[in-house]
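Below is one structure, written out as structure tokens, with a few remarks after it.
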Amino acid sequence: MVLDITGVEKQGIILIYESELSKELIELLWIIVSILTTLVGVTLGVLVIVWLERKISAGIQQRIGPEYAGPLGIIQALADGIKLLLKEDIIPARSDIWLFGVGPAIVVIPVFLSYLVIPFGKNIILADLGIGVFFWIAVSSIAPLGLLMAGYGSNNKYSFLGGLRAAAQSISYEIPLASCVLSISLLSNSLSTVDIVNAQSKYGILGWNLWRQPIGFIIFSISSLAECERLPFDLPEAEEELVAGYQTEYSGIKFGLFYVGSYLNLLVSSLFVTILYLGGWDLSIPLFPISGQITWIFTNGTFDIINAIISIIITLTKAYLFLFVSIMTRWTLPRVRIDQLLDLGWKFLLPVALGNLLLTASSQTLLLD
């Protein structure tokens with residue numbers, strides 16, 4: 001059988017083929033632009049956190065803090081980053097070059113991946129996975145391996161001890177953290193971060209999981225600080241014991257990557273506290289439908305951008321309020337000992353978190369029955 005295709009039909013087939021290619025190209029470009037926008041936004045967020053920490057710590061210690069690099073010292077962190085980028089990269093003698101070089105990258109990359117499942121607004125998310133919160137727990141558990149590799153590859157006993165402490169601390173506090181996430185998932189009937197926020201928005205501020213899971217909120221906050229290795233839980237880099245822990249032998253940009261990973265992890269933890277317990281982008285107030293429904297004031301499609309901006313501002317405001325508490329904690333409380341840290345994780349937080357999970361599961365079962 002011979003097919004007779006006219007010139008018009010050929011042109012139609014070519015146009016369809018080109019349109020399909022253009023659609024795929026547009027989708028690919030949109031994905032690249034979304035990822036780059038997230039990376040730039042997260043990097044700016046880290047610079048703001050560093051500036052806030054320096055200013056808040058200066059206020060607590062009755063100092064001025066950074067003030068010369070830009071207005072109010074706002075670009076001091078950027079200047080420090082450029083300085084680290086231009087410094088010489090020194091590799092210790094008889095160290096494992098491969099482990100020494102790969103360690104910082106393994107610390108930073110999983111934290112960046114965590115931002116894939118963070119919703120900044122109703123439809124502002126890179127990947128709405130059905131297992132979003134478990135994806136975050138899974139990728140964040142890779143970072144301590146990078147710390148252990150960095151410590152072992154440095155050929156330094158202080159670095160190796162710091163890497164071992166980082167691994168032990170991460171394992172100790174990841175189990176209570178996961179138990180708190182499981183409790184929230186049971187209340188929301190979903191592991192998706194978007195579904196968890198939507199479940200809380202039904203009753204506005206009164207529907208936040210903070211009121212239904214106060215014990216879980218406290219455990220999650222303590223565990224997230226320990227996961228980020230913030231004072232009073234910065235045992236892997238305790239300077240009076242281990243010089244600088246796993247980062248003792250590092251210099252230049254590799255040294256800077258550890259700090260970038262730490263602040264990125266702190267921002268991720270604050271955003272997840274916002275999503276799991278503080279209602280995410282929702283700030284509606286029951287009984288005040290006009291003044292309270294902030295994120296739904298503009299219902300027309302023309303104002304979708306305004307709605308998105310308001311949602312992002314609300315999410316970041318909640319996250320930075322929790323960051324303020326974390327920074328205040330760092331500059332207020334003294335460092336605990338390693339045995340006290342492990343006792344707190346295994347003997348107190350883990351049993352309480354498991355008991356909270358059991359109570360949540362029992363209450364949900366009774367409600368279903």
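Simple scheme: letters A, B, ... for chains in structure tokens order, numbers from 1 for residues in each chain, numbers from 1 for ligands in the order shown.
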Which neighbours of Ile218 in chain A fall inside 12 Å, counting only C-alpha atoms, when residues of the same chain fewer than 5 positions from it are skipped, and could you give them as an mmCIF file with N, CA, C and O atoms, in the first residue's frame?
data_model
loop_
_atom_site.group_PDB
_atom_site.id
_atom_site.type_symbol
_atom_site.label_atom_id
_atom_site.label_comp_id
_atom_site.auth_asym_id
_atom_site.auth_seq_id
_atom_site.Cartn_x
_atom_site.Cartn_y
_atom_site.Cartn_z
ATOM 1 N N PRO A 176 14.117 10.393 67.054
ATOM 2 C CA PRO A 176 13.024 11.232 67.591
ATOM 3 C C PRO A 176 12.442 12.175 66.553
ATOM 4 O O PRO A 176 11.220 12.408 66.524
ATOM 5 N N LEU A 177 13.293 12.706 65.672
ATOM 6 C CA LEU A 177 12.824 13.603 64.609
ATOM 7 C C LEU A 177 11.850 12.883 63.688
ATOM 8 O O LEU A 177 10.769 13.394 63.372
ATOM 9 N N CYS A 180 8.454 12.319 65.325
ATOM 10 C CA CYS A 180 7.599 13.509 65.305
ATOM 11 C C CYS A 180 6.971 13.719 63.928
ATOM 12 O O CYS A 180 5.795 14.094 63.822
ATOM 13 N N ASN A 209 -0.727 22.433 63.755
ATOM 14 C CA ASN A 209 -0.308 21.254 64.514
ATOM 15 C C ASN A 209 0.438 21.618 65.790
ATOM 16 O O ASN A 209 0.646 20.750 66.649
ATOM 17 N N LEU A 210 0.835 22.876 65.920
ATOM 18 C CA LEU A 210 1.475 23.321 67.155
ATOM 19 C C LEU A 210 0.569 23.100 68.357
ATOM 20 O O LEU A 210 1.036 22.729 69.446
ATOM 21 N N TRP A 211 -0.753 23.323 68.188
ATOM 22 C CA TRP A 211 -1.690 23.166 69.302
ATOM 23 C C TRP A 211 -2.048 21.699 69.527
ATOM 24 O O TRP A 211 -2.353 21.313 70.654
ATOM 25 N N GLN A 213 0.044 19.088 68.689
ATOM 26 C CA GLN A 213 1.262 18.323 68.969
ATOM 27 C C GLN A 213 2.300 19.204 69.678
ATOM 28 O O GLN A 213 3.410 19.407 69.163
ATOM 29 N N SER A 223 15.583 18.401 68.390
ATOM 30 C CA SER A 223 16.260 17.465 67.491
ATOM 31 C C SER A 223 16.799 18.174 66.256
ATOM 32 O O SER A 223 17.884 17.830 65.762
ATOM 33 N N SER A 224 16.059 19.146 65.740
ATOM 34 C CA SER A 224 16.536 19.860 64.554
ATOM 35 C C SER A 224 17.778 20.688 64.877
ATOM 36 O O SER A 224 18.700 20.787 64.059
ATOM 37 N N LEU A 225 17.837 21.276 66.085
ATOM 38 C CA LEU A 225 19.047 21.999 66.488
ATOM 39 C C LEU A 225 20.235 21.050 66.600
ATOM 40 O O LEU A 225 21.357 21.389 66.209
ATOM 41 N N VAL A 273 9.789 23.269 60.274
ATOM 42 C CA VAL A 273 9.008 23.612 61.470
ATOM 43 C C VAL A 273 7.782 24.427 61.064
ATOM 44 O O VAL A 273 6.661 24.206 61.555
ATOM 45 N N TYR A 277 4.278 22.472 61.676
ATOM 46 C CA TYR A 277 3.637 22.892 62.916
ATOM 47 C C TYR A 277 2.987 24.281 62.862
ATOM 48 O O TYR A 277 2.095 24.562 63.660
ATOM 49 N N LEU A 349 14.447 12.036 74.885
ATOM 50 C CA LEU A 349 13.686 12.435 73.705
ATOM 51 C C LEU A 349 13.091 11.237 72.966
ATOM 52 O O LEU A 349 11.939 11.293 72.512
ATOM 53 N N VAL A 352 9.989 9.738 74.873
ATOM 54 C CA VAL A 352 8.871 10.686 74.822
ATOM 55 C C VAL A 352 8.307 10.773 73.407
ATOM 56 O O VAL A 352 7.077 10.820 73.214
ATOM 57 N N ALA A 353 9.175 10.780 72.392
ATOM 58 C CA ALA A 353 8.713 10.848 71.003
ATOM 59 C C ALA A 353 7.930 9.596 70.621
ATOM 60 O O ALA A 353 6.893 9.675 69.941
ATOM 61 N N ASN A 356 4.570 9.803 72.300
ATOM 62 C CA ASN A 356 3.734 10.755 71.578
ATOM 63 C C ASN A 356 3.182 10.141 70.294
ATOM 64 O O ASN A 356 2.006 10.335 69.941
#
>> Need the shell around Ile74 in chain A: protein/DNA/RNA residues with any atom at most 8 Å away, counting only C-alpha atoms. Skip same-chain ones fewer than 6 positions apart. Format as a PyMOL selection string?
In response: chain A and resi 48+51+66-67
Selection export as a PDB file, in the first residue's frame, atoms kept: N, CA, C and O atoms:
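Result file follows (part_34.pdb):
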ATOM      1  N   VAL A  48      21.542  36.212  54.533  1.00  0.00           N
ATOM      2  CA  VAL A  48      20.738  36.956  55.509  1.00  0.00           C
ATOM      3  C   VAL A  48      20.874  36.329  56.894  1.00  0.00           C
ATOM      4  O   VAL A  48      20.975  37.038  57.906  1.00  0.00           O
ATOM      5  N   TRP A  51      24.194  37.299  58.437  1.00  0.00           N
ATOM      6  CA  TRP A  51      24.145  38.695  58.899  1.00  0.00           C
ATOM      7  C   TRP A  51      23.308  38.816  60.173  1.00  0.00           C
ATOM      8  O   TRP A  51      23.704  39.508  61.121  1.00  0.00           O
ATOM      9  N   PRO A  66      28.997  43.713  62.534  1.00  0.00           N
ATOM     10  CA  PRO A  66      29.451  44.217  61.226  1.00  0.00           C
ATOM     11  C   PRO A  66      28.704  45.483  60.828  1.00  0.00           C
ATOM     12  O   PRO A  66      27.482  45.564  60.951  1.00  0.00           O
ATOM     13  N   GLU A  67      29.459  46.481  60.336  1.00  0.00           N
ATOM     14  CA  GLU A  67      28.802  47.735  59.955  1.00  0.00           C
ATOM     15  C   GLU A  67      29.475  48.440  58.777  1.00  0.00           C
ATOM     16  O   GLU A  67      28.922  49.392  58.226  1.00  0.00           O
TER      17      GLU A  67
END
>> What's the separation between CA of Ala167 in chain A and CA of Leu147 in chain A, in Å to one decimal place?
In response: 7.7 Å
>> Can you tell me, as JSON, numbers by chain, which residues in range 51-124 of chain A count as alpha helix (DSSP H) by DSSP?
In response: {"A": [51, 52, 53, 54, 55, 56, 57, 58, 59, 60, 76, 77, 78, 79, 80, 81, 82, 83, 84, 85, 86, 97, 98, 99, 100, 101, 102, 103, 104, 105, 106, 107, 108, 109, 110, 111, 112, 113, 114]}
Any chance you can output those residues with C-alpha atoms as a CSV table (one decimal), in the first residue's frame?
chain,number,residue,atom,x,y,z
A,51,TRP,CA,24.1,38.7,58.9
A,52,LEU,CA,21.3,38.2,61.4
A,53,GLU,CA,23.4,35.9,63.5
A,54,ARG,CA,26.2,38.4,63.7
A,55,LYS,CA,23.9,41.3,64.5
A,56,ILE,CA,21.9,39.3,67.1
A,57,SER,CA,25.0,38.0,68.8
A,58,ALA,CA,26.5,41.5,68.8
A,59,GLY,CA,23.3,42.8,70.5
A,60,ILE,CA,23.4,40.0,73.1
A,76,GLN,CA,29.9,41.2,55.2
A,77,ALA,CA,29.0,37.5,54.6
A,78,LEU,CA,29.4,37.9,50.8
A,79,ALA,CA,32.8,39.5,51.4
A,80,ASP,CA,33.8,36.6,53.6
A,81,GLY,CA,32.7,34.1,51.0
A,82,ILE,CA,34.8,35.8,48.3
A,83,LYS,CA,37.8,35.8,50.6
A,84,LEU,CA,37.4,32.0,51.2
A,85,LEU,CA,37.0,31.4,47.5
A,86,LEU,CA,40.3,33.1,46.8
A,97,ILE,CA,42.7,13.0,48.7
A,98,TRP,CA,39.4,11.5,47.4
A,99,LEU,CA,37.6,11.4,50.7
A,100,PHE,CA,39.1,14.8,51.7
A,101,GLY,CA,37.8,16.4,48.5
A,102,VAL,CA,34.4,14.7,48.3
A,103,GLY,CA,33.4,15.2,52.0
A,104,PRO,CA,32.3,18.8,51.8
A,105,ALA,CA,30.3,18.2,48.6
A,106,ILE,CA,28.4,15.3,50.2
A,107,VAL,CA,27.6,17.6,53.1
A,108,VAL,CA,26.1,20.4,50.9
A,109,ILE,CA,24.4,18.6,48.1
A,110,PRO,CA,21.8,16.6,50.2
A,111,VAL,CA,20.8,19.8,51.9
A,112,PHE,CA,20.1,21.5,48.6
A,113,LEU,CA,18.0,18.5,47.6
A,114,SER,CA,15.8,19.0,50.6
>> Just the number, please: distance in Å from CA of Gln169 in chain A to CA of Arg230 in chain A, one decimal.
In response: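 One can read the CA of Gln169 in chain A to CA of Arg230 in chain A distance as 11.6 Å.
Across A:Tyr158, A:Phe120, A:Trp208, A:Trp30, the tightest approach to Ile314 in chain A is made by A:Phe120 when counting only C-alpha atoms.
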Report as a compact mmCIF listing (two decimals) with all heavy atoms, in the first residue's frame all protein, DNA and RNA residues lying within 12 Å of Gly162 in chain A, evaluated on only C-alpha atoms, omitting residues in the same chain fewer than 4 positions from it.
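File result_6.txt, as written:
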# COMPACT_ATOMS: atom_id res chain seq x y z
N PRO A 144 25.78 13.48 57.43
CA PRO A 144 26.78 13.02 58.41
C PRO A 144 27.81 12.07 57.82
O PRO A 144 28.94 12.01 58.32
CB PRO A 144 25.92 12.30 59.48
CG PRO A 144 24.58 12.93 59.36
CD PRO A 144 24.40 13.23 57.91
N LEU A 145 27.45 11.34 56.75
CA LEU A 145 28.44 10.50 56.09
C LEU A 145 29.55 11.35 55.49
O LEU A 145 30.73 10.97 55.51
CB LEU A 145 27.78 9.65 55.01
CG LEU A 145 26.74 8.63 55.48
CD1 LEU A 145 26.12 7.91 54.29
CD2 LEU A 145 27.38 7.62 56.42
N GLY A 146 29.17 12.51 54.93
CA GLY A 146 30.18 13.42 54.41
C GLY A 146 31.09 13.95 55.50
O GLY A 146 32.31 14.08 55.30
N LEU A 147 30.53 14.23 56.68
CA LEU A 147 31.35 14.68 57.80
C LEU A 147 32.31 13.59 58.25
O LEU A 147 33.48 13.86 58.56
CB LEU A 147 30.45 15.11 58.96
CG LEU A 147 29.48 16.25 58.69
CD1 LEU A 147 28.63 16.53 59.93
CD2 LEU A 147 30.21 17.50 58.25
N LEU A 148 31.82 12.35 58.28
CA LEU A 148 32.68 11.23 58.67
C LEU A 148 33.78 11.01 57.65
O LEU A 148 34.94 10.76 58.01
CB LEU A 148 31.82 9.97 58.82
CG LEU A 148 32.51 8.72 59.38
CD1 LEU A 148 33.11 9.01 60.76
CD2 LEU A 148 31.53 7.56 59.47
N MET A 149 33.44 11.11 56.35
CA MET A 149 34.45 10.98 55.30
C MET A 149 35.50 12.08 55.39
O MET A 149 36.70 11.84 55.22
CB MET A 149 33.77 11.01 53.93
CG MET A 149 32.94 9.79 53.62
SD MET A 149 31.90 10.00 52.17
CE MET A 149 33.14 10.20 50.90
N ALA A 150 35.03 13.30 55.67
CA ALA A 150 35.97 14.43 55.79
C ALA A 150 36.91 14.23 56.97
O ALA A 150 38.12 14.49 56.87
CB ALA A 150 35.19 15.73 55.95
N GLY A 151 36.37 13.76 58.10
CA GLY A 151 37.20 13.54 59.28
C GLY A 151 38.20 12.41 59.08
O GLY A 151 39.37 12.53 59.44
N TYR A 152 37.75 11.32 58.45
CA TYR A 152 38.63 10.17 58.24
C TYR A 152 39.70 10.48 57.18
O TYR A 152 40.85 10.07 57.32
CB TYR A 152 37.80 8.96 57.80
CG TYR A 152 38.62 7.72 57.57
CD1 TYR A 152 39.07 6.95 58.64
CD2 TYR A 152 38.95 7.30 56.27
CE1 TYR A 152 39.83 5.81 58.43
CE2 TYR A 152 39.69 6.16 56.05
CZ TYR A 152 40.13 5.42 57.14
OH TYR A 152 40.88 4.30 56.92
N SER A 154 41.10 13.26 56.54
CA SER A 154 42.03 14.34 56.90
C SER A 154 43.32 13.85 57.53
O SER A 154 44.27 14.63 57.68
CB SER A 154 41.34 15.32 57.87
OG SER A 154 40.25 15.94 57.26
N ASN A 156 43.86 13.09 60.65
CA ASN A 156 44.02 13.89 61.86
C ASN A 156 43.10 13.32 62.92
O ASN A 156 41.92 13.09 62.66
CB ASN A 156 43.67 15.35 61.55
CG ASN A 156 43.84 16.26 62.74
OD1 ASN A 156 43.24 16.07 63.78
ND2 ASN A 156 44.67 17.28 62.57
N LYS A 157 43.63 13.08 64.12
CA LYS A 157 42.82 12.43 65.15
C LYS A 157 41.67 13.32 65.61
O LYS A 157 40.58 12.83 65.90
CB LYS A 157 43.69 12.03 66.34
CG LYS A 157 44.39 13.21 67.02
CD LYS A 157 45.25 12.72 68.18
CE LYS A 157 45.94 13.90 68.85
NZ LYS A 157 46.80 13.46 69.98
N TYR A 158 41.89 14.64 65.67
CA TYR A 158 40.81 15.54 66.06
C TYR A 158 39.70 15.54 65.01
O TYR A 158 38.51 15.54 65.34
CB TYR A 158 41.35 16.96 66.24
CG TYR A 158 42.33 17.10 67.37
CD1 TYR A 158 43.63 17.54 67.12
CD2 TYR A 158 41.96 16.81 68.67
CE1 TYR A 158 44.55 17.67 68.16
CE2 TYR A 158 42.87 16.94 69.71
CZ TYR A 158 44.16 17.37 69.45
OH TYR A 158 45.05 17.49 70.47
N ALA A 166 29.86 13.45 64.93
CA ALA A 166 28.78 13.90 64.04
C ALA A 166 27.87 12.75 63.66
O ALA A 166 26.63 12.88 63.65
CB ALA A 166 29.38 14.54 62.78
N ALA A 167 28.46 11.57 63.36
CA ALA A 167 27.66 10.40 63.00
C ALA A 167 26.81 9.94 64.19
O ALA A 167 25.62 9.64 64.05
CB ALA A 167 28.57 9.28 62.51
N ALA A 168 27.43 9.87 65.38
CA ALA A 168 26.69 9.42 66.57
C ALA A 168 25.56 10.39 66.91
O ALA A 168 24.44 9.97 67.24
CB ALA A 168 27.66 9.30 67.75
N GLN A 169 25.83 11.68 66.80
CA GLN A 169 24.82 12.69 67.12
C GLN A 169 23.66 12.63 66.14
O GLN A 169 22.49 12.74 66.52
CB GLN A 169 25.48 14.07 67.10
CG GLN A 169 24.54 15.21 67.47
CD GLN A 169 25.31 16.50 67.67
OE1 GLN A 169 26.41 16.49 68.21
NE2 GLN A 169 24.74 17.60 67.23
N GLU A 229 23.78 20.74 64.36
CA GLU A 229 25.01 20.89 65.15
C GLU A 229 25.19 22.33 65.64
O GLU A 229 26.26 22.92 65.54
CB GLU A 229 26.23 20.45 64.33
CG GLU A 229 26.20 18.98 64.00
CD GLU A 229 27.20 18.63 62.91
OE1 GLU A 229 28.04 19.48 62.59
OE2 GLU A 229 27.11 17.53 62.36
N ASP A 234 26.91 21.51 69.50
CA ASP A 234 27.95 21.52 68.46
C ASP A 234 29.18 20.72 68.89
O ASP A 234 30.32 21.15 68.73
CB ASP A 234 28.33 22.96 68.10
CG ASP A 234 28.98 23.70 69.24
OD1 ASP A 234 28.72 23.31 70.41
OD2 ASP A 234 29.74 24.64 68.99
N LEU A 235 28.95 19.55 69.44
CA LEU A 235 30.04 18.70 69.93
C LEU A 235 31.01 18.24 68.85
O LEU A 235 32.20 18.06 69.12
CB LEU A 235 29.47 17.47 70.66
CG LEU A 235 29.16 17.61 72.16
CD1 LEU A 235 30.40 17.99 72.94
CD2 LEU A 235 28.08 18.63 72.41
N PRO A 236 30.56 18.00 67.58
CA PRO A 236 31.52 17.57 66.56
C PRO A 236 32.61 18.58 66.25
O PRO A 236 33.63 18.22 65.67
CB PRO A 236 30.63 17.34 65.32
CG PRO A 236 29.29 17.03 65.87
CD PRO A 236 29.18 17.88 67.10
N GLU A 237 32.42 19.86 66.62
CA GLU A 237 33.45 20.86 66.34
C GLU A 237 33.78 21.67 67.59
O GLU A 237 34.07 22.87 67.50
CB GLU A 237 32.99 21.79 65.22
CG GLU A 237 31.59 22.36 65.43
CD GLU A 237 31.09 23.12 64.22
OE1 GLU A 237 30.76 22.50 63.21
OE2 GLU A 237 31.04 24.35 64.32
N ALA A 238 33.72 21.01 68.75
CA ALA A 238 33.98 21.70 70.01
C ALA A 238 35.44 22.15 70.05
O ALA A 238 36.36 21.33 70.08
CB ALA A 238 33.68 20.76 71.18
N GLU A 239 35.66 23.48 70.05
CA GLU A 239 37.03 23.99 69.87
C GLU A 239 37.93 23.72 71.06
O GLU A 239 39.14 23.56 70.90
CB GLU A 239 36.99 25.49 69.54
CG GLU A 239 36.48 26.38 70.66
CD GLU A 239 34.97 26.54 70.61
OE1 GLU A 239 34.34 25.91 69.74
OE2 GLU A 239 34.42 27.28 71.44
N GLU A 241 37.98 21.06 72.78
CA GLU A 241 38.29 19.63 72.84
C GLU A 241 38.95 19.13 71.56
O GLU A 241 39.89 18.34 71.62
CB GLU A 241 37.00 18.82 73.08
CG GLU A 241 36.28 19.18 74.37
CD GLU A 241 34.92 18.50 74.44
OE1 GLU A 241 34.70 17.55 73.69
OE2 GLU A 241 34.09 18.95 75.25
N LEU A 242 38.45 19.58 70.40
CA LEU A 242 38.85 18.99 69.11
C LEU A 242 39.42 20.02 68.14
O LEU A 242 39.39 19.80 66.93
CB LEU A 242 37.64 18.29 68.45
CG LEU A 242 36.94 17.21 69.28
CD1 LEU A 242 35.73 16.70 68.53
CD2 LEU A 242 37.90 16.07 69.58
N VAL A 243 39.93 21.14 68.62
CA VAL A 243 40.48 22.22 67.79
C VAL A 243 39.35 22.81 66.93
O VAL A 243 38.85 23.89 67.18
CB VAL A 243 41.66 21.76 66.93
CG1 VAL A 243 42.24 22.95 66.15
CG2 VAL A 243 42.73 21.10 67.78
N ALA A 244 38.96 22.11 65.86
CA ALA A 244 37.78 22.52 65.07
C ALA A 244 37.03 21.31 64.56
O ALA A 244 36.22 21.42 63.63
CB ALA A 244 38.20 23.42 63.91
N GLY A 245 37.29 20.13 65.13
CA GLY A 245 36.57 18.93 64.72
C GLY A 245 36.90 18.50 63.30
O GLY A 245 38.06 18.58 62.87
N TYR A 246 35.90 18.03 62.58
CA TYR A 246 36.12 17.47 61.24
C TYR A 246 36.66 18.49 60.24
O TYR A 246 37.17 18.11 59.19
CB TYR A 246 34.81 16.89 60.71
CG TYR A 246 33.64 17.82 60.78
CD1 TYR A 246 33.43 18.80 59.82
CD2 TYR A 246 32.73 17.76 61.84
CE1 TYR A 246 32.37 19.67 59.90
CE2 TYR A 246 31.65 18.63 61.92
CZ TYR A 246 31.48 19.58 60.95
OH TYR A 246 30.43 20.45 61.03
N GLN A 247 36.57 19.79 60.53
CA GLN A 247 37.04 20.80 59.57
C GLN A 247 38.40 21.40 59.95
O GLN A 247 38.80 22.43 59.42
CB GLN A 247 36.01 21.92 59.46
CG GLN A 247 35.66 22.58 60.78
CD GLN A 247 34.41 23.44 60.68
OE1 GLN A 247 33.74 23.45 59.68
NE2 GLN A 247 34.11 24.15 61.76
N THR A 248 39.12 20.72 60.85
CA THR A 248 40.41 21.24 61.33
C THR A 248 41.39 21.44 60.18
O THR A 248 42.08 22.46 60.11
CB THR A 248 41.01 20.28 62.37
OG1 THR A 248 40.10 20.13 63.45
CG2 THR A 248 42.34 20.80 62.89
N GLU A 249 41.50 20.48 59.26
CA GLU A 249 42.51 20.52 58.21
C GLU A 249 42.04 21.25 56.95
O GLU A 249 42.79 21.30 55.97
CB GLU A 249 42.93 19.09 57.84
CG GLU A 249 43.56 18.29 58.97
CD GLU A 249 44.94 18.82 59.35
OE1 GLU A 249 45.51 19.61 58.58
OE2 GLU A 249 45.44 18.44 60.42
N ILE A 338 29.39 15.44 75.68
CA ILE A 338 28.95 14.44 74.71
C ILE A 338 28.08 13.37 75.36
O ILE A 338 27.11 12.90 74.77
CB ILE A 338 30.17 13.79 73.99
CG1 ILE A 338 29.73 12.83 72.89
CG2 ILE A 338 31.08 13.10 75.00
CD1 ILE A 338 29.03 13.48 71.74
> Counting only C-alpha atoms, which of A:Ser22, A:Lys254, A:Leu126, A:Ala226 gets nearest to Leu36 in chain A?
Replying inline: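 Looking only at the distances to Leu36 in chain A, the closest residue turns out to be A:Leu126.
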>> For a quick check of understanding, using only C-alpha atoms, which of A:Leu358, A:Arg94, A:Glu27, A:Cys228 has the smallest distance to Tyr263 in chain A?
In response: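 The shortest atom-to-atom distance to Tyr263 in chain A comes from A:Cys228.
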> Contacts of Leu341 in chain A at 9 Å or less, counting only C-alpha atoms, minus same-chain residues fewer than 2 places along, as an MDAnalysis selection string?
Replying inline: chainID A and resid 169 172 226 232:233 235 336:339 343:346
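Residue nearest Asn155 in chain A, chosen from A:Ser95, A:Thr360, A:Ser269, A:Thr37 and counting only C-alpha atoms: A:Ser95.
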>> At a cut-off of 7 Å, using only C-alpha atoms, what residues contact range 318-329 of chain A? Leave out same-chain residues fewer than 6 positions from it and give the result as a ChimeraX atom specification.
In response: /A:53,270-271,274
Could you take the residues named above and write them with C-alpha atoms, as a PDB file, in the first residue's frame?
ATOM      1  CA  GLU A  53      23.414  35.877  63.545  1.00  0.00           C
ATOM      2  CA  SER A 270      13.141  26.238  60.179  1.00  0.00           C
ATOM      3  CA  LEU A 271      11.081  25.877  57.002  1.00  0.00           C
ATOM      4  CA  THR A 274       6.864  26.182  59.629  1.00  0.00           C
TER       5      THR A 274
END
> Hey, which of A:Leu368, A:Glu227, A:Ile171, A:Ile309 ends up closest to Val268 in chain A? Count only C-alpha atoms.
Replying inline: A:Glu227
I want to know what sits within 12 Å of Ser34 in chain A, based on only C-alpha atoms, with residues of the same chain fewer than 2 positions away left out; could you give that as an mmCIF file with N, CA, C and O atoms, in the first residue's frame?
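Saved file part.cif follows:
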data_model
loop_
_atom_site.group_PDB
_atom_site.id
_atom_site.type_symbol
_atom_site.label_atom_id
_atom_site.label_comp_id
_atom_site.auth_asym_id
_atom_site.auth_seq_id
_atom_site.Cartn_x
_atom_site.Cartn_y
_atom_site.Cartn_z
ATOM 1 N N GLU A 27 9.451 23.243 28.691
ATOM 2 C CA GLU A 27 9.391 22.557 29.985
ATOM 3 C C GLU A 27 10.786 22.410 30.589
ATOM 4 O O GLU A 27 10.978 22.608 31.794
ATOM 5 N N LEU A 28 11.769 22.045 29.726
ATOM 6 C CA LEU A 28 13.145 21.905 30.214
ATOM 7 C C LEU A 28 13.686 23.242 30.720
ATOM 8 O O LEU A 28 14.300 23.311 31.802
ATOM 9 N N LEU A 29 13.444 24.306 29.961
ATOM 10 C CA LEU A 29 13.892 25.634 30.385
ATOM 11 C C LEU A 29 13.206 26.071 31.678
ATOM 12 O O LEU A 29 13.846 26.676 32.553
ATOM 13 N N TRP A 30 11.921 25.755 31.806
ATOM 14 C CA TRP A 30 11.192 26.111 33.028
ATOM 15 C C TRP A 30 11.763 25.393 34.247
ATOM 16 O O TRP A 30 11.902 25.981 35.324
ATOM 17 N N ILE A 31 12.117 24.115 34.074
ATOM 18 C CA ILE A 31 12.723 23.353 35.181
ATOM 19 C C ILE A 31 14.063 23.970 35.575
ATOM 20 O O ILE A 31 14.354 24.165 36.767
ATOM 21 N N ILE A 32 14.881 24.309 34.568
ATOM 22 C CA ILE A 32 16.204 24.896 34.849
ATOM 23 C C ILE A 32 16.054 26.243 35.553
ATOM 24 O O ILE A 32 16.744 26.528 36.540
ATOM 25 N N LEU A 36 17.385 27.152 39.299
ATOM 26 C CA LEU A 36 18.323 28.259 39.495
ATOM 27 C C LEU A 36 17.740 29.326 40.418
ATOM 28 O O LEU A 36 18.445 29.882 41.269
ATOM 29 N N THR A 37 16.445 29.607 40.262
ATOM 30 C CA THR A 37 15.792 30.592 41.131
ATOM 31 C C THR A 37 15.829 30.134 42.587
ATOM 32 O O THR A 37 16.111 30.922 43.499
ATOM 33 N N THR A 38 15.550 28.846 42.805
ATOM 34 C CA THR A 38 15.599 28.304 44.170
ATOM 35 C C THR A 38 17.006 28.391 44.750
ATOM 36 O O THR A 38 17.186 28.778 45.914
ATOM 37 N N LEU A 39 18.017 28.029 43.943
ATOM 38 C CA LEU A 39 19.401 28.075 44.422
ATOM 39 C C LEU A 39 19.813 29.498 44.788
ATOM 40 O O LEU A 39 20.432 29.723 45.840
ATOM 41 N N VAL A 40 19.462 30.454 43.930
ATOM 42 C CA VAL A 40 19.813 31.857 44.211
ATOM 43 C C VAL A 40 19.076 32.349 45.460
ATOM 44 O O VAL A 40 19.668 32.999 46.336
ATOM 45 N N GLY A 41 17.778 32.013 45.562
ATOM 46 C CA GLY A 41 17.002 32.432 46.730
ATOM 47 C C GLY A 41 17.535 31.834 48.020
ATOM 48 O O GLY A 41 17.645 32.533 49.040
ATOM 49 N N TYR A 115 15.367 21.170 49.511
ATOM 50 C CA TYR A 115 14.507 22.279 49.098
ATOM 51 C C TYR A 115 13.539 21.897 47.982
ATOM 52 O O TYR A 115 12.644 22.669 47.661
ATOM 53 N N LEU A 116 13.719 20.711 47.397
ATOM 54 C CA LEU A 116 12.801 20.265 46.340
ATOM 55 C C LEU A 116 11.377 20.099 46.851
ATOM 56 O O LEU A 116 10.419 20.319 46.112
ATOM 57 N N ILE A 124 3.705 26.748 44.825
ATOM 58 C CA ILE A 124 5.111 27.142 44.676
ATOM 59 C C ILE A 124 5.980 26.062 45.312
ATOM 60 O O ILE A 124 6.377 26.148 46.476
ATOM 61 N N ILE A 125 6.262 25.036 44.561
ATOM 62 C CA ILE A 125 7.080 23.913 45.020
ATOM 63 C C ILE A 125 7.714 23.258 43.800
ATOM 64 O O ILE A 125 7.091 23.175 42.734
ATOM 65 N N LEU A 126 8.951 22.816 43.942
ATOM 66 C CA LEU A 126 9.636 22.204 42.805
ATOM 67 C C LEU A 126 9.140 20.792 42.537
ATOM 68 O O LEU A 126 8.956 20.398 41.390
ATOM 69 N N ALA A 127 8.925 20.001 43.599
ATOM 70 C CA ALA A 127 8.484 18.611 43.418
ATOM 71 C C ALA A 127 7.527 18.246 44.550
ATOM 72 O O ALA A 127 7.965 18.067 45.692
#
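The nearest approach to Thr193 in chain A among the residues A:Gly153, A:Ser251, A:Ser262, A:Ile118, with only C-alpha atoms taken into account, belongs to A:Ile118.
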